[in-house]
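Peer 1: Please read through the structure below; I'll follow up with questions.
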Amino acid sequence: MELIEGWQTLLQVDILLVLALGVLVGLMLGALPGLDATVGISLLLPITYALSPLNALVFFTALYSAAVFGGSITAILFRIPGSTEAIMTAVEGHHFTARGEAAQALGIAVLSSAIGGLVACVGLYLATPILAEAALRFGPAEYFALGVLGLSCISSISGGSQLKGLAAGLIGLLLGTVGLDSLTGAKRFDFGTTVLLNGIPLVPASIGLFAASEVLRRVLQRDTDLVRTAPGAPQRRIVLALPRIADFLRLRWVVLRSSVVGLFIGILPGAGATTAGILSYSLQSKLSRDPAGFGKGKDEGLAAPEAANNAAAVGAMIPLLSLGIPGSATTAVLIGAFMIHNLQPGPMLFVREPELVYGLFAGMTVVNVVIIALAFLLVRLFARLALLPYPVLATGILSVCVIGSLAYGDADAAMVMLVFACIGLALEAGGYPLAPVILGLVLAPIIEVSLRRALIMEDFDIVAVVSQPLAATILFAALALLVGPWISRAVLALRAGRRGDTRPASNQGD
Amino acid sequence: MIRTIAPPGGMIAACGFLLWQTADMTSAYAASALFGPAFFPRLVLGGLILVSLLQIVDAVRRHRAGTVPGGAAAGRPDVAGFLVALAATALYVVAMRFVGFLPATLVFQAALFALVFGMRDRRGLVYLPALLTALYYVIFLRLLELPLPQGRGVFRELSRFLYY
């Protein structure tokens with residue numbers, strides 16, 4: 001009954017217009033590096049004084065979901081993760097652009113994102129209180145285990161050398177320890193400066209590592225064709241065809257599985273959509289029949305993080321609405337929007353304002369449909385950007401890298417971006433993959449803080465930490481994902497060897 | 001082989017230096033001396049040293065077996081262009097503090113077009129930089145109202161006149 005009332009409340013012209021506007025603003029903010037939903041909501045909080053509570057909250061949730069998808073646009077086209085949620089999309093999606101298939105990649109990304117969001121909405125409708133309660137059972141040991149699970153994908157995103165991938169991941173983890181220790185306040189690797197006290201800023205670091213380093217590499221190697229010319233082809237060409245429904249349906253299990261993973265990670269307070277994207281990419285790379293194709297422009301590798309990060313964005317709303325606990329930085333800022341309108345998120349919200357809550361649920365469902373509609377209108381236009389002359393693109397990308405870093409912090413953040421561009425260039429020159437560095441940087445605080453907290457709680461008994469049932473299960477899964485492919489490869493090699501031994505014998509017999 | 005083992009070798013040296021740095025990471029608030037602020041960095045550094053050693057062993061093994069992968073033939077790199085692009089971007093960030101966002105952006109774009117991409121005609125020096133700077137002005141300063149650097153002195157006045 002309340003569900004129907006929620007839909008009736010939503011289906012009004014003014015609310016739908018506000019929703020569409022939220023999606024447009026979110027797409028734009030998400031696509032611009034350094035700006036994300038958190039910044040957007042903070043910037044626009046004051047203007048919603050004039051709106052009704054439902055209009056304001058629908059606007060912000062639309063902006064949030066659209067911004068999470070928007071980050072993938074520049075990630076696919078120029079390897080600039082518009083937001084941190086799109087890091088894995090940048091790793092996988094830019095290869096499509098190099099093959100002239102940017103429209104295909106954008107199509108997969110938008111469909112996966114929207115379906116991820118819709119699946120999470122179903123979870124929102126059906127299981128908000130149950131899921132929120134389950135998430136509260138996650139303690140430091142379980143968060144530590146989740147972080148380790150995220151790291152287990154290093155082997156699949158390392159390209160040729162597993163050892164170099166592992167080294168890159170460890171470099172990321174080490175970079176994640178720079179700054180003040182969050183448990184004791186001790187300074188770590190600050191080298192006497194104040195710039196590094198807050199740690200390595202993730203946004204400028206990822207912009208530098210992926211986008212700026214790519215431009216500098218192309219300048220260095222005189223490689224100024226963003227879209228590679230096919231051998232024998234007279235000129236560069238891009239395919240503007242969107243993915244066919246039949247092709248996309250092949251990805252249905254990938255998208256569904258990633259959506260469920262994303263939904264649950266989103267519910268966990270502090271985990272966020274970035275972790276969800278990384279974890280689902282990791283999981284998919286392990287479950288795929290062609291794990292070697294990951295990191296080279298594989299549709300599964302694009303669909304999995306896109307579905308998961310949007311599902312996580314919706315999932316983060318569950319603890320906010322049902323318990324009053326923000327599941328991510330963006331939902332923490334979103335609490336401000338509730339408070340501006342004298343609303344207190346939490347269990348009583350369902351009792352006092354059921355129309356608003358279910359109207360918001362309906363709004364989050366419609367947002368995903370609007371994202372598909374608007375994004376499909378714009379996808380071909382975005383894809384054509386890849387054909388602009390490279391000097392114009394390179395100059396624009398470097399400027400946007402600087403502006404994005406400035407928007408995130410100050411001139412120091414821009415310098416961090418530039419330093420990471422050089423680090424990225426040096427690592428790529430040495431054959432080290434870049435994705436594990438960011439993976440380590442994102443997961444370092446989760447792994448370190450959770451491990452140390454868990455150790456304090458268990459009186460520094462590491463066995464007690466890793467043997468907690470839920471944590472042990474997740475750690476076992478991480479181990480299985482990490483070691484499983486090696487074991488299966490060894491078993492296959494052994495079988496092949498035996499066959500090799502028996503065949504000549506049978507031949508002899510013949 | 002030297003080229004293959006140099007990066008992990010350098011990594012081991014850097015890790016040694018950073019391990020020495022962790023000696024200063026102490027806190028009176030740490031609940032345990034072992035699991036204090038230096039615990040995780042030391043753990044990671046230990047892992048990095050181990051992985052680097054494995055890389056060296058792997059390189060030596062491959063060298064002995066004669067299975068060193070050959071690098072792809074690359075064209076002559078444009079080192080000058082790369083250094084100019086890097087220096088111009090660093091100067092752009094620094095100059096913005098003094099001359100503000102818009103003048104610095106205009107000059108930065110023109111410098112990249114002319115010095116890195118060799119577009120020394122009116123299109124590269126005037127039209128494209130002006131067009132791109134105008135685009136950033138509309139998106140970042142007018143629509144998003146980002147607090148980008150205003151510069152100092154007369155440039156600050158100019159910035160305030162244009163966008164604040």
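Within each chain, counting starts at residue 1; across the structure tokens, chains are named A, B, ... in the order shown, with ligands numbered 1 upward in that order.
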Within 7 Å of Arg222 in chain A, counting only C-alpha atoms, which residues qualify if same-chain residues fewer than 2 places away don't, as a short mmCIF file (atom, residue, chain, number, x, y, z; two decimals) with N, CA and C atoms, in the first residue's frame?
Peer 2:
```
data_model
loop_
_atom_site.label_atom_id
_atom_site.label_comp_id
_atom_site.auth_asym_id
_atom_site.auth_seq_id
_atom_site.Cartn_x
_atom_site.Cartn_y
_atom_site.Cartn_z
N ARG A 218 52.03 9.23 -24.37
CA ARG A 218 51.77 9.38 -25.80
C ARG A 218 52.68 10.45 -26.41
N VAL A 219 52.92 11.53 -25.63
CA VAL A 219 53.83 12.58 -26.12
C VAL A 219 55.23 11.99 -26.28
N LEU A 220 55.67 11.25 -25.28
CA LEU A 220 57.01 10.65 -25.28
C LEU A 220 57.17 9.67 -26.45
N THR A 224 50.04 9.61 -31.22
CA THR A 224 48.97 10.60 -31.09
C THR A 224 47.65 10.13 -31.70
N PRO B 77 61.98 8.13 -29.05
CA PRO B 77 61.08 8.86 -28.17
C PRO B 77 61.27 10.38 -28.27
N ASP B 78 60.21 11.10 -28.04
CA ASP B 78 60.26 12.56 -28.08
C ASP B 78 60.52 13.07 -26.66
#
```
Peer 1: Select from chain B every residue with an atom at most 8 Å from any atom of chain A, then for each give the shortest pair of atoms and their distance in Å to one decimal, using only C-alpha atoms, rows by chain and rising number, as a tab-separated table.
Peer 2:
```
residue	atom	partner	partner_atom	distance
B:Pro7	CA	A:Gly430	CA	7.3
B:Leu18	CA	A:Phe189	CA	7.9
B:Gln21	CA	A:Phe189	CA	7.3
B:Thr22	CA	A:Arg188	CA	7.5
B:Met25	CA	A:Ala186	CA	6.3
B:Thr26	CA	A:Ala186	CA	6.4
B:Ser27	CA	A:Ala186	CA	5.7
B:Ala28	CA	A:Thr184	CA	7.9
B:Tyr29	CA	A:Thr184	CA	5.4
B:Ala30	CA	A:Thr184	CA	5.8
B:Ala31	CA	A:Ile456	CA	7.2
B:Phe35	CA	A:Arg452	CA	6.9
B:Gly36	CA	A:Thr184	CA	7.9
B:Pro37	CA	A:Asp181	CA	6.2
B:Ala38	CA	A:Arg188	CA	8.0
B:Phe40	CA	A:Glu448	CA	6.4
B:Pro41	CA	A:Leu174	CA	6.2
B:Val44	CA	A:Leu174	CA	6.2
B:Leu45	CA	A:Leu174	CA	7.3
B:Gly47	CA	A:Leu170	CA	7.2
B:Leu48	CA	A:Ala167	CA	6.0
B:Val51	CA	A:Ala167	CA	6.2
B:Ser52	CA	A:Ala167	CA	7.2
B:Leu54	CA	A:Leu163	CA	7.6
B:Gln55	CA	A:Leu163	CA	6.6
B:Ala74	CA	A:Gln221	CA	7.9
B:Gly75	CA	A:Gln221	CA	7.1
B:Arg76	CA	A:Gln221	CA	7.4
B:Pro77	CA	A:Gln221	CA	5.0
B:Asp78	CA	A:Leu220	CA	4.7
B:Val79	CA	A:Leu220	CA	5.8
B:Gly81	CA	A:Val219	CA	6.5
B:Phe82	CA	A:Leu220	CA	5.1
B:Ala85	CA	A:Leu216	CA	7.2
B:Leu86	CA	A:Leu216	CA	7.5
B:Thr89	CA	A:Leu398	CA	7.5
B:Ala90	CA	A:Met415	CA	7.2
B:Val93	CA	A:Ala411	CA	6.3
B:Val94	CA	A:Ala411	CA	7.3
B:Arg97	CA	A:Ala411	CA	8.0
B:Thr105	CA	A:Ser399	CA	7.5
B:Gln109	CA	A:Thr395	CA	6.2
B:Leu112	CA	A:Thr395	CA	6.6
B:Phe113	CA	A:Pro391	CA	6.7
B:Val116	CA	A:Val219	CA	7.8
B:Phe117	CA	A:Pro391	CA	6.2
B:Leu128	CA	A:Val392	CA	7.8
B:Leu132	CA	A:Gly396	CA	7.3
B:Leu146	CA	A:Ala407	CA	6.6
B:Pro147	CA	A:Ala407	CA	7.4
B:Leu148	CA	A:Leu406	CA	7.0
```
Peer 1: Identify which of the residues A:Ala383, A:Val39, A:Leu77, A:Ile318 lies closest to Glu145 in chain B, counting only C-alpha atoms when measuring atom-to-atom distances.
Peer 2: A:Val39
Peer 1: Quick one: of A:Gln284, A:Asn368, A:Thr193, A:Ser405, who's nearest to Gly22 in chain A, counting only C-alpha atoms?
Peer 2: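 Counting only C-alpha atoms, the residue closest to Gly22 in chain A is A:Asn368.
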Peer 1: Just to confirm, what's the straight-line distance from CA of Gly46 in chain B to CA of Leu197 in chain A in Å (one decimal)?
Peer 2: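 About the pair CA of Gly46 in chain B and CA of Leu197 in chain A: they are 23.3 Å apart.
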Peer 1: For the structure I just gave you, how does DSSP split range 12-160 of chain B - specifically, which residues are helix (DSSP H, G or I)? Reply as a PyMOL selection string.
Peer 2: chain B and resi 12-24+39-65+79-99+101-116+122-143+154-160
Peer 1: Looking at only C-alpha atoms, which of A:Leu256, A:Val491, A:Ala478, A:Leu124 is the one that sits closest to Ala316 in chain A?
Peer 2: A:Leu124
Peer 1: Taking only C-alpha atoms into account, name the residue in A:Pro445, A:Gly336, A:Leu494, A:Thr97 that is nearest to Gly199 in chain A.
Peer 2: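 Between A:Pro445, A:Gly336, A:Leu494, A:Thr97, the residue approaching Gly199 in chain A most closely is A:Pro445.
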Peer 1: Within range 162-279 of chain A, find each residue whose DSSP state, derived from the backbone, is strand (DSSP E), and express the selection as number ranges by chain.
Peer 2: A: 179-180, 187-188
